[in-house]
Structures are given as structure tokens and as C-alpha cells.
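Student: Quick one, data37.cif (mmCIF, C-alpha atoms and all ligand atoms):
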data_start
#
loop_
_atom_site.label_atom_id
_atom_site.label_comp_id
_atom_site.auth_asym_id
_atom_site.auth_seq_id
_atom_site.Cartn_x
_atom_site.Cartn_y
_atom_site.Cartn_z
CA CYS A 1 168.38 60.28 18.95
CA SER A 2 167.51 63.05 21.38
CA SER A 3 169.47 63.25 24.63
CA THR A 4 166.44 64.61 26.52
CA THR A 5 165.24 62.55 29.52
CA PRO A 6 162.46 60.32 28.21
CA ILE A 7 158.90 61.29 29.03
CA THR A 8 156.59 58.47 30.12
CA ALA A 9 153.25 58.39 28.31
CA THR A 10 150.37 55.93 28.64
CA LEU A 11 149.47 53.99 25.50
CA PHE A 12 146.14 52.21 25.05
CA PRO A 13 146.53 50.20 21.84
CA GLY A 14 142.79 49.42 22.09
CA ASP A 15 140.76 46.87 20.13
CA GLY A 16 140.31 45.80 16.51
CA ILE A 17 142.75 47.69 14.29
CA GLY A 18 144.06 49.48 17.43
CA PRO A 19 147.13 47.27 18.05
CA GLU A 20 148.14 47.45 14.35
CA ILE A 21 148.01 51.24 14.17
CA ALA A 22 149.59 51.60 17.64
CA GLU A 23 152.50 49.50 16.34
CA SER A 24 152.82 51.96 13.46
CA VAL A 25 153.00 54.91 15.90
CA LYS A 26 155.68 53.17 17.98
CA LYS A 27 157.76 52.49 14.88
CA VAL A 28 157.49 56.04 13.51
CA PHE A 29 158.23 57.60 16.92
CA THR A 30 161.28 55.37 17.41
CA THR A 31 162.58 56.21 13.93
CA ALA A 32 162.11 59.93 14.63
CA GLY A 33 163.99 59.59 17.93
CA VAL A 34 161.07 60.87 20.00
CA PRO A 35 162.06 60.79 23.69
CA ILE A 36 158.96 58.92 24.88
CA GLU A 37 158.68 55.71 26.86
CA TRP A 38 155.29 54.04 26.51
CA GLU A 39 153.43 52.52 29.43
CA GLU A 40 151.07 50.14 27.63
CA HIS A 41 147.67 49.17 28.96
CA TYR A 42 145.18 46.89 27.26
CA VAL A 43 141.44 46.81 27.86
CA GLY A 44 140.76 44.05 30.39
CA THR A 45 138.77 40.90 29.64
CA GLU A 46 136.72 41.18 32.85
CA ILE A 47 134.88 44.03 34.52
CA ASP A 48 137.04 45.76 37.12
CA PRO A 49 134.71 46.45 40.07
CA ARG A 50 136.74 49.56 40.94
CA THR A 51 135.91 51.20 37.59
CA GLN A 52 132.72 49.22 36.77
CA SER A 53 134.12 48.77 33.29
CA PHE A 54 136.62 46.69 31.33
CA LEU A 55 139.20 49.39 31.92
CA THR A 56 141.40 48.55 34.85
CA TRP A 57 142.00 50.93 37.72
CA GLU A 58 145.73 50.65 37.03
CA SER A 59 145.31 51.91 33.47
CA LEU A 60 143.43 54.99 34.69
CA GLU A 61 146.08 55.55 37.37
CA SER A 62 148.72 55.41 34.65
CA VAL A 63 147.10 58.36 32.79
CA ARG A 64 146.60 60.28 36.05
CA ARG A 65 150.27 59.80 36.89
CA ASN A 66 151.74 60.51 33.45
CA LYS A 67 149.19 63.22 32.59
CA VAL A 68 149.66 62.37 28.94
CA GLY A 69 148.66 59.46 26.74
CA LEU A 70 147.62 58.13 23.37
CA LYS A 71 144.55 55.98 22.88
CA GLY A 72 143.62 53.61 20.09
CA PRO A 73 139.96 52.82 19.37
CA MET A 74 138.02 50.75 21.88
CA ALA A 75 135.09 48.58 20.84
CA THR A 76 132.01 49.01 22.98
CA PRO A 77 131.37 45.62 24.68
CA ILE A 78 127.76 44.50 24.41
CA GLY A 79 125.99 43.54 27.62
CA LYS A 80 124.78 44.98 30.87
CA GLY A 81 126.40 45.82 34.18
CA HIS A 82 129.29 47.91 32.98
CA ARG A 83 130.03 51.40 31.76
CA SER A 84 131.13 52.24 28.21
CA LEU A 85 134.92 52.38 27.99
CA ASN A 86 135.04 55.83 26.44
CA LEU A 87 132.50 57.16 28.93
CA THR A 88 134.56 55.71 31.80
CA LEU A 89 137.70 57.44 30.53
CA ARG A 90 135.94 60.77 30.08
CA LYS A 91 134.23 60.67 33.47
CA GLU A 92 137.07 59.20 35.54
CA LEU A 93 139.75 61.42 34.03
CA ASN A 94 137.47 64.45 33.75
CA LEU A 95 138.26 64.86 30.06
CA TYR A 96 136.02 67.84 29.51
CA ALA A 97 136.96 68.99 26.02
CA ASN A 98 137.58 67.04 22.83
CA VAL A 99 139.58 69.00 20.28
CA ARG A 100 139.44 67.83 16.66
CA PRO A 101 141.42 69.70 14.05
CA CYS A 102 140.20 69.06 10.53
CA TYR A 103 142.23 70.33 7.61
CA SER A 104 142.74 69.50 3.93
CA LEU A 105 145.80 67.33 3.46
CA PRO A 106 148.00 68.69 0.68
CA GLY A 107 148.21 66.13 -2.09
CA TYR A 108 145.01 64.30 -1.18
CA LYS A 109 142.23 65.67 -3.35
CA THR A 110 138.72 65.95 -1.95
CA ARG A 111 135.81 68.20 -2.91
CA TYR A 112 137.43 71.03 -0.91
CA ASP A 113 141.03 72.31 -0.78
CA ASP A 114 140.73 74.87 1.95
CA VAL A 115 139.29 73.14 5.02
CA ASP A 116 140.94 74.33 8.22
CA LEU A 117 138.55 73.87 11.12
CA ILE A 118 138.79 73.09 14.80
CA THR A 119 135.80 71.50 16.51
CA ILE A 120 135.75 71.66 20.29
CA ARG A 121 133.21 69.34 21.84
CA GLU A 122 131.97 69.39 25.42
CA ASN A 123 132.78 65.88 26.50
CA THR A 124 131.10 65.16 29.84
CA GLU A 125 127.37 65.91 29.75
CA GLY A 126 124.48 66.80 27.42
CA GLU A 127 122.62 63.79 26.02
CA TYR A 128 125.62 61.62 26.91
CA SER A 129 125.18 61.92 30.65
CA GLY A 130 124.10 58.27 30.76
CA LEU A 131 120.79 59.08 32.49
CA GLU A 132 118.13 57.03 30.72
CA HIS A 133 115.20 55.14 32.16
CA GLN A 134 111.81 53.69 31.36
CA VAL A 135 108.93 55.78 32.67
CA VAL A 136 106.22 53.20 31.93
CA ARG A 137 106.16 50.37 29.39
CA GLY A 138 106.67 51.81 25.93
CA VAL A 139 107.90 55.18 27.17
CA VAL A 140 111.54 55.95 27.91
CA GLU A 141 113.23 59.11 29.00
CA SER A 142 116.75 60.41 28.48
CA LEU A 143 118.00 63.40 30.41
CA LYS A 144 120.05 66.09 28.73
CA ILE A 145 122.15 67.78 31.37
CA ILE A 146 123.77 71.16 30.72
CA THR A 147 125.59 72.86 33.57
CA ARG A 148 127.03 76.32 33.88
CA GLN A 149 130.29 74.88 35.17
CA ALA A 150 130.90 72.51 32.23
CA SER A 151 129.71 75.05 29.64
CA LEU A 152 131.97 77.82 30.96
CA ARG A 153 134.89 75.37 31.15
CA VAL A 154 134.62 74.29 27.50
CA ALA A 155 133.92 77.85 26.29
CA GLU A 156 137.00 79.10 28.15
CA TYR A 157 139.03 76.36 26.52
CA ALA A 158 137.71 77.23 23.04
CA PHE A 159 138.50 80.94 23.33
CA LEU A 160 141.91 80.33 24.86
CA TYR A 161 142.64 77.84 22.08
CA ALA A 162 141.60 80.40 19.46
CA LYS A 163 143.78 83.07 21.03
CA THR A 164 146.87 80.92 21.46
CA HIS A 165 146.57 79.37 17.98
CA GLY A 166 146.08 82.62 16.06
CA ARG A 167 142.44 81.87 15.23
CA GLU A 168 140.03 84.73 14.57
CA ARG A 169 136.54 83.40 15.15
CA VAL A 170 134.64 81.16 17.53
CA SER A 171 131.20 79.87 16.51
CA ALA A 172 128.94 78.40 19.18
CA ILE A 173 126.73 75.69 17.66
CA HIS A 174 123.31 75.20 19.25
CA LYS A 175 119.57 74.57 18.95
CA ALA A 176 118.52 77.12 21.54
CA ASN A 177 115.48 78.12 19.51
CA ILE A 178 113.95 74.75 20.54
CA MET A 179 116.00 73.74 23.60
CA GLN A 180 115.77 77.11 25.20
CA LYS A 181 116.84 76.18 28.72
CA THR A 182 119.70 73.76 28.01
CA ASP A 183 121.24 75.17 24.85
CA GLY A 184 120.20 78.60 26.08
CA LEU A 185 122.45 78.18 29.13
CA PHE A 186 125.27 76.88 26.94
CA LEU A 187 125.05 80.03 24.78
CA LYS A 188 124.81 82.33 27.80
CA CYS A 189 128.10 80.87 29.08
CA CYS A 190 129.77 81.24 25.66
CA ARG A 191 128.66 84.89 25.51
CA GLU A 192 130.11 85.56 28.97
CA VAL A 193 133.47 84.14 27.96
CA ALA A 194 133.38 85.91 24.55
CA GLU A 195 133.27 89.27 26.35
CA LYS A 196 136.71 88.56 27.78
CA TYR A 197 138.12 88.06 24.27
CA PRO A 198 137.13 91.17 22.27
CA GLU A 199 139.85 90.40 19.69
CA ILE A 200 138.02 87.19 18.72
CA THR A 201 134.85 87.38 16.65
CA TYR A 202 132.01 85.46 18.28
CA GLU A 203 128.93 84.14 16.51
CA GLU A 204 126.10 81.71 17.19
CA VAL A 205 124.91 79.28 14.53
CA VAL A 206 121.94 76.92 14.74
CA ILE A 207 123.13 73.33 14.22
CA ASP A 208 121.00 72.50 11.16
CA ASN A 209 122.12 75.64 9.38
CA CYS A 210 125.70 74.89 10.46
CA CYS A 211 125.56 71.48 8.71
CA MET A 212 124.33 73.08 5.50
CA MET A 213 127.00 75.80 5.64
CA LEU A 214 129.76 73.28 6.37
CA VAL A 215 129.04 71.09 3.35
CA LYS A 216 128.51 74.13 1.11
CA ASN A 217 131.57 76.11 2.16
CA PRO A 218 133.67 74.87 5.09
CA ALA A 219 135.89 77.97 4.85
CA LEU A 220 133.05 79.92 6.51
CA PHE A 221 134.17 78.46 9.87
CA ASP A 222 137.25 78.65 12.07
CA VAL A 223 136.81 77.31 15.66
CA LEU A 224 133.47 75.67 16.53
CA VAL A 225 132.44 74.98 20.12
CA MET A 226 129.38 72.91 21.00
CA PRO A 227 127.62 70.58 23.43
CA ASN A 228 128.45 66.86 23.42
CA LEU A 229 126.00 65.28 20.94
CA TYR A 230 126.35 68.06 18.33
CA GLY A 231 130.13 67.76 18.64
CA ASP A 232 130.03 64.01 18.05
CA ILE A 233 128.07 64.46 14.83
CA ILE A 234 129.65 67.64 13.46
CA SER A 235 133.21 66.38 13.96
CA ASP A 236 132.49 63.26 11.86
CA LEU A 237 130.89 65.49 9.23
CA CYS A 238 134.10 67.55 9.21
CA ALA A 239 136.20 64.35 8.89
CA GLY A 240 134.19 63.55 5.76
CA LEU A 241 135.15 66.92 4.24
CA VAL A 242 138.85 66.06 4.20
CA GLY A 243 138.92 62.36 3.29
CA GLY A 244 137.36 60.34 6.09
CA LEU A 245 137.91 58.85 9.49
CA GLY A 246 141.31 57.35 8.67
CA LEU A 247 142.81 60.85 8.64
CA THR A 248 141.41 62.82 11.57
CA PRO A 249 143.07 63.08 14.97
CA SER A 250 141.78 64.43 18.26
CA CYS A 251 142.91 65.22 21.78
CA ASN A 252 140.92 65.05 25.01
CA ILE A 253 141.75 67.73 27.55
CA GLY A 254 141.32 67.10 31.27
CA GLU A 255 141.00 69.51 34.16
CA ASP A 256 144.29 68.84 35.89
CA GLY A 257 146.46 69.15 32.79
CA VAL A 258 145.75 65.64 31.45
CA ALA A 259 145.86 65.24 27.66
CA LEU A 260 144.74 61.98 26.06
CA ALA A 261 145.08 62.03 22.29
CA GLU A 262 142.99 59.60 20.24
CA ALA A 263 141.96 58.84 16.67
CA VAL A 264 138.38 59.80 15.92
CA HIS A 265 137.51 56.46 14.32
CA GLY A 266 136.41 53.20 15.94
CA SER A 267 137.97 49.73 16.01
CA ALA A 268 137.01 48.95 12.37
CA PRO A 269 136.21 45.25 12.98
CA ASP A 270 135.66 44.73 9.23
CA ILE A 271 139.38 45.20 8.49
CA ALA A 272 140.95 44.28 11.87
CA GLY A 273 143.93 41.93 11.79
CA LYS A 274 144.32 42.26 8.00
CA ASN A 275 147.13 44.85 7.91
CA LEU A 276 144.83 47.20 5.96
CA ALA A 277 144.17 49.99 8.46
CA ASN A 278 145.28 53.54 7.82
CA PRO A 279 147.40 54.61 10.82
CA THR A 280 147.33 58.33 9.86
CA ALA A 281 144.62 59.38 12.34
CA LEU A 282 146.44 57.81 15.29
CA LEU A 283 149.80 59.11 14.06
CA LEU A 284 148.41 62.66 13.78
CA SER A 285 146.90 62.22 17.26
CA GLY A 286 150.42 61.32 18.38
CA VAL A 287 151.63 64.55 16.74
CA MET A 288 149.02 66.49 18.77
CA MET A 289 150.36 64.78 21.88
CA LEU A 290 153.93 65.81 20.99
CA ARG A 291 152.83 69.43 20.48
CA HIS A 292 151.11 69.32 23.87
CA LEU A 293 154.45 68.17 25.33
CA LYS A 294 156.19 71.03 23.45
CA LEU A 295 158.22 68.49 21.46
CA ASN A 296 157.54 70.70 18.45
CA GLU A 297 160.56 69.75 16.37
CA GLN A 298 159.68 66.03 16.39
CA ALA A 299 156.00 66.85 15.90
CA GLU A 300 156.73 68.87 12.73
CA GLN A 301 159.16 66.25 11.45
CA ILE A 302 156.61 63.43 11.78
CA HIS A 303 153.77 65.59 10.47
CA SER A 304 155.76 66.44 7.31
CA ALA A 305 156.73 62.80 6.76
CA ILE A 306 153.04 61.76 6.89
CA ILE A 307 151.90 64.59 4.59
CA ASN A 308 154.74 63.94 2.12
CA THR A 309 154.04 60.20 2.02
CA ILE A 310 150.35 60.77 1.27
CA ALA A 311 151.08 63.57 -1.23
CA GLU A 312 153.64 61.43 -3.09
CA GLY A 313 150.82 58.95 -3.67
CA LYS A 314 153.07 55.90 -4.07
CA TYR A 315 152.06 54.35 -0.77
CA ARG A 316 148.47 54.79 0.36
CA THR A 317 146.11 52.51 2.24
CA ALA A 318 142.86 51.27 0.67
CA ASP A 319 140.63 53.91 2.33
CA LEU A 320 142.60 56.54 0.36
CA GLY A 321 142.32 54.57 -2.86
CA GLY A 322 145.73 52.87 -2.62
CA SER A 323 146.82 49.25 -2.17
CA SER A 324 149.49 49.51 0.54
CA THR A 325 149.35 47.58 3.76
CA THR A 326 149.61 49.30 7.14
CA THR A 327 153.23 48.16 7.41
CA GLU A 328 154.20 49.32 3.91
CA PHE A 329 152.64 52.74 4.49
CA THR A 330 154.38 52.99 7.89
CA LYS A 331 157.73 52.09 6.35
CA ALA A 332 157.23 54.78 3.68
CA ILE A 333 156.67 57.38 6.44
CA CYS A 334 159.82 56.20 8.25
CA ASP A 335 161.74 56.52 4.96
CA HIS A 336 160.57 60.14 4.70
CA LEU A 337 161.85 60.97 8.17
P1 LIG A 401 134.53 52.51 12.78
O1 LIG A 401 135.10 53.90 12.81
O2 LIG A 401 135.26 51.47 13.52
O3 LIG A 401 134.41 52.06 11.23
C1 LIG A 401 133.64 52.76 10.26
C2 LIG A 401 134.22 52.47 8.85
O4 LIG A 401 135.45 53.20 8.71
C3 LIG A 401 134.57 51.00 8.64
O5 LIG A 401 134.29 50.66 7.30
C4 LIG A 401 136.08 50.94 8.88
O6 LIG A 401 136.74 49.91 8.18
C5 LIG A 401 136.52 52.32 8.42
N1 LIG A 401 137.71 52.78 9.17
C6 LIG A 401 137.73 53.27 10.44
N2 LIG A 401 138.98 53.57 10.79
C7 LIG A 401 139.78 53.26 9.74
C8 LIG A 401 141.18 53.34 9.51
N3 LIG A 401 142.04 53.80 10.45
N4 LIG A 401 141.67 52.92 8.32
C9 LIG A 401 140.84 52.46 7.37
N5 LIG A 401 139.50 52.37 7.52
C10 LIG A 401 138.98 52.77 8.69
O7 LIG A 401 133.02 52.62 13.29
P2 LIG A 401 132.01 51.44 13.75
O8 LIG A 401 132.14 50.28 12.83
O9 LIG A 401 130.71 52.13 13.89
O10 LIG A 401 132.49 51.03 15.21
C11 LIG A 401 133.23 49.86 15.51
C12 LIG A 401 133.48 49.78 17.02
O11 LIG A 401 134.28 50.90 17.43
C13 LIG A 401 132.20 49.85 17.87
O12 LIG A 401 132.33 48.95 18.95
C14 LIG A 401 132.18 51.29 18.37
O13 LIG A 401 131.49 51.42 19.59
C15 LIG A 401 133.66 51.56 18.53
N6 LIG A 401 134.03 53.00 18.46
C16 LIG A 401 135.00 53.40 19.29
C17 LIG A 401 135.45 54.72 19.23
C18 LIG A 401 136.55 55.15 20.16
O14 LIG A 401 137.17 54.34 20.80
N7 LIG A 401 136.82 56.44 20.26
C19 LIG A 401 134.90 55.61 18.29
C20 LIG A 401 133.92 55.14 17.42
C21 LIG A 401 133.48 53.82 17.52
#
Translate this file's structure into C-alpha cells.

Tutor:
Amino acid sequence: CSSTTPITATLFPGDGIGPEIAESVKKVFTTAGVPIEWEEHYVGTEIDPRTQSFLTWESLESVRRNKVGLKGPMATPIGKGHRSLNLTLRKELNLYANVRPCYSLPGYKTRYDDVDLITIRENTEGEYSGLEHQVVRGVVESLKIITRQASLRVAEYAFLYAKTHGRERVSAIHKANIMQKTDGLFLKCCREVAEKYPEITYEEVVIDNCCMMLVKNPALFDVLVMPNLYGDIISDLCAGLVGGLGLTPSCNIGEDGVALAEAVHGSAPDIAGKNLANPTALLLSGVMMLRHLKLNEQAEQIHSAIINTIAEGKYRTADLGGSSTTTEFTKAICDHL
């Protein structure tokens, strides 16, 4: 066990399969001797008037205080009068960029062997600004908001990420040929930032062409930066290139140094409570959190144990074609540590 003073991190186990895969993370982290103490917060059963959502004010305060956390999937409650949980987190904590690495896992065969992409999604505006209304009966309107401030912020993050992670190219994904004002502004901001990074190749790719290129040859891309809706779709497409949602992690970056790592997938109600979920995506999100905390040794140790367990092929969950339960797969990872 490490002798370092423990770091407190917020943990949202979330809904559905969330608590099962969060349990797996706790077990693996404890086995690896990671110096982290979890502050656990569950989604509330009633709307908290202070947040207008099922997320309590205290849980948001916990992330603000700790500046680091791990989040399981949260089911979107149906009904009116409250904000979506994920939207509340992004808005309240100002989580402006969502970083999703997507790479081929050695030992798990898919159509491609050489995927190594990073998608960086603007997380606060675009079509997801939550501004929808009915104009007259039978006609509704949704506002797509693009601001210079948010576009520059995410572009800066993408280029800095590329530079600090030894990446060579940033592609801005857009539809500015049709959405000339909104996507046009997004591109203008990307170009401005690109000028400050002459060592990084910058290109612009129209989203429909990008989809075609990604499924034909994902190695054509390196770091992709894009507005909110495109990022939501493209990052799931990328997850499909390497084996599906059970494998892909992400991390949300906030303005005042907050990092909230989360699995890309949802609460998987079809398999919840059955000990069938693949905890890899949340575990790899935990690894991203450890790297953010500069706990690189433990991050690499856990990462290798996950990769080796999957590559060995003896213990795999059903989504990867195996028959192991969540607990059996987790135990196999712990045995590799
Ligand atoms: P989902 O990602 O929960 O499930 C899609 C399919 O993938 C299902 O067949 C599921 O069994 C499978 N799957 C997902 N994660 C898996 C894992 N770790 N291991 C094995 N199989 C896995 O998507 P959905 O069904 O569209 O959404 C369910 C709920 O989750 C909804 O309420 C949705 O709003 C919410 N959601 C939350 C987040 C989040 O919190 N970030 C993201 C997406 C969806």
C-alpha cells in the first residue's frame, strides 16, 4: 500500500448497472493500493430545489471541493419540472470539454487493429443548450447556441491536449457549409487557436465525410474537436470501432481544474442487477482520473491488468463474447495486479 496521504475523490455510483461497476472500481483500486478515499453520493429520489434536479446540492459541492471525481451512468428520469442529471452536472460544474480516448485493445479483435483517436467534445452549448419551445401548434423551435468564449475554450483545450500528449494533428469537425454562422464561428475560433500551435497540423472536416472516413480508415484521424451534438454522435461511432460502449472511458474537464471521469455508456437497464455488466469503461475512466492526479504508476498498473485480462480471454463479460460475471471479471483483474 502507498504511504502517500489519501486523496479524497467524489464517487457517483449512479443508476442501473452503475453500483455494480462502481463496486468493481473500488475493489480494483483497493487491491492496487491506490491512495484514494471515496466520498460517495447517490442520485436523490426527490428533486432538490437548489439544483432543480435529482442531484443534491451536497453532491455538487463535493465535486467542487474535491475537484476530482468518478461518475457512473445516470438514468434520465422521465417527467417534467427538473433538469437532466448530466446537463445539471455539466452546467453547474462548468464541465466544458469531454475527452474520449478510443483505442484498439490488444487481444480483443475488431475490424480494425490500429484505432488510436481522441474525441474532444464541447460540452455546454450547441443543440444541447436546453432552449426549446413551441412557436405555434405543430411547430417547435430549438436554439443552437455557439459562443466565441466556449469555442475558444474547447479549441484551446484540444490543442494543448495534442501538444502535451505528443499528438500531431487536430481535426475540427463541422457542418459550416450549411450552418455558416454557428459552425462558422466554431471554425473561426479553432483557426485562431491553431495559429498558436504551428507544430500541430490543423484540418477541417465536414461531419458527414468524417463519418465515412472514420468507418473506412480510422487511422486517418488523431485528435478530433467538435461542437456538442457532433461530439455525442462521433464518440459513440468511435466506441463502435473498438468493441463497443463497455470499453470506452471519458473525462469531463471543468474550468477551475475540476475533472469528472465517466464511462460513456448509460445505465443499461436491460442487464442491471444481474452481475453481467462490463466494468472496463468505468475502470478505464478511473485510470484517466488517476493520470489526471499524476498517480501514473497506479494508473499504468491497473491499465495493464485490464488489458492483460481481456487479452488472455479466459474471463470476459457477455458483451465481449464471454460468459464471466462482473465479479469474476473483476477478480481476474485483481489477480493480474
Ligand atoms: P445504454 O448505454 O445504457 O445501453 C445500450 C446497450 O449497451 C444496452 O444493450 C446495454 O446493455 C449495453 N451496455 C451499456 N453499457 C454496458 C456495459 N458496461 N456492459 C455491458 N453492456 C453494456 O443506453 P440506453 O439504453 O440508451 O440508456 C439507458 C439509460 O441511461 C437512459 O436513461 C439514458 O438516458 C441513460 N444514459 C446515461 C448516460 C450517462 O450517464 N452518461 C449516457 C447514456 C445514457

Student: Write as a count of residues only the residues around ligand LIG 401 (chain A), taking 9 Å as the cut-off and counting only C-alpha atoms and all ligand atoms.

Tutor: 44

Student: Which one is closest to Glu168 in chain A: A:Leu284, A:Cys190, A:Val206, A:Val223? Count only C-alpha atoms.

Tutor: A:Val223

Student: Just how far from CA of Phe159 in chain A is CA of Ser285 in chain A, in Å to one decimal?

Tutor: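 Computing it gives 21.4 Å between the two atoms.
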
Student: Around all the atoms of range 61-71 of chain A listed in the file, with 3 Å of room on each side, what axis-aligned box do you get, giving centre and edge lengths in Å to one decimal, as lines of an AutoDock Vina configuration file?

Tutor:
center_x = 148.1
center_y = 59.3
center_z = 30.1
size_x = 13.2
size_y = 13.8
size_z = 20.5

Student: Nearest to Ile173 in chain A among A:Tyr202, A:Tyr161, A:Tyr128, A:Tyr230, with distances taken over only C-alpha atoms: which residue is it?

Tutor: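 Nearest to Ile173 in chain A: A:Tyr230.
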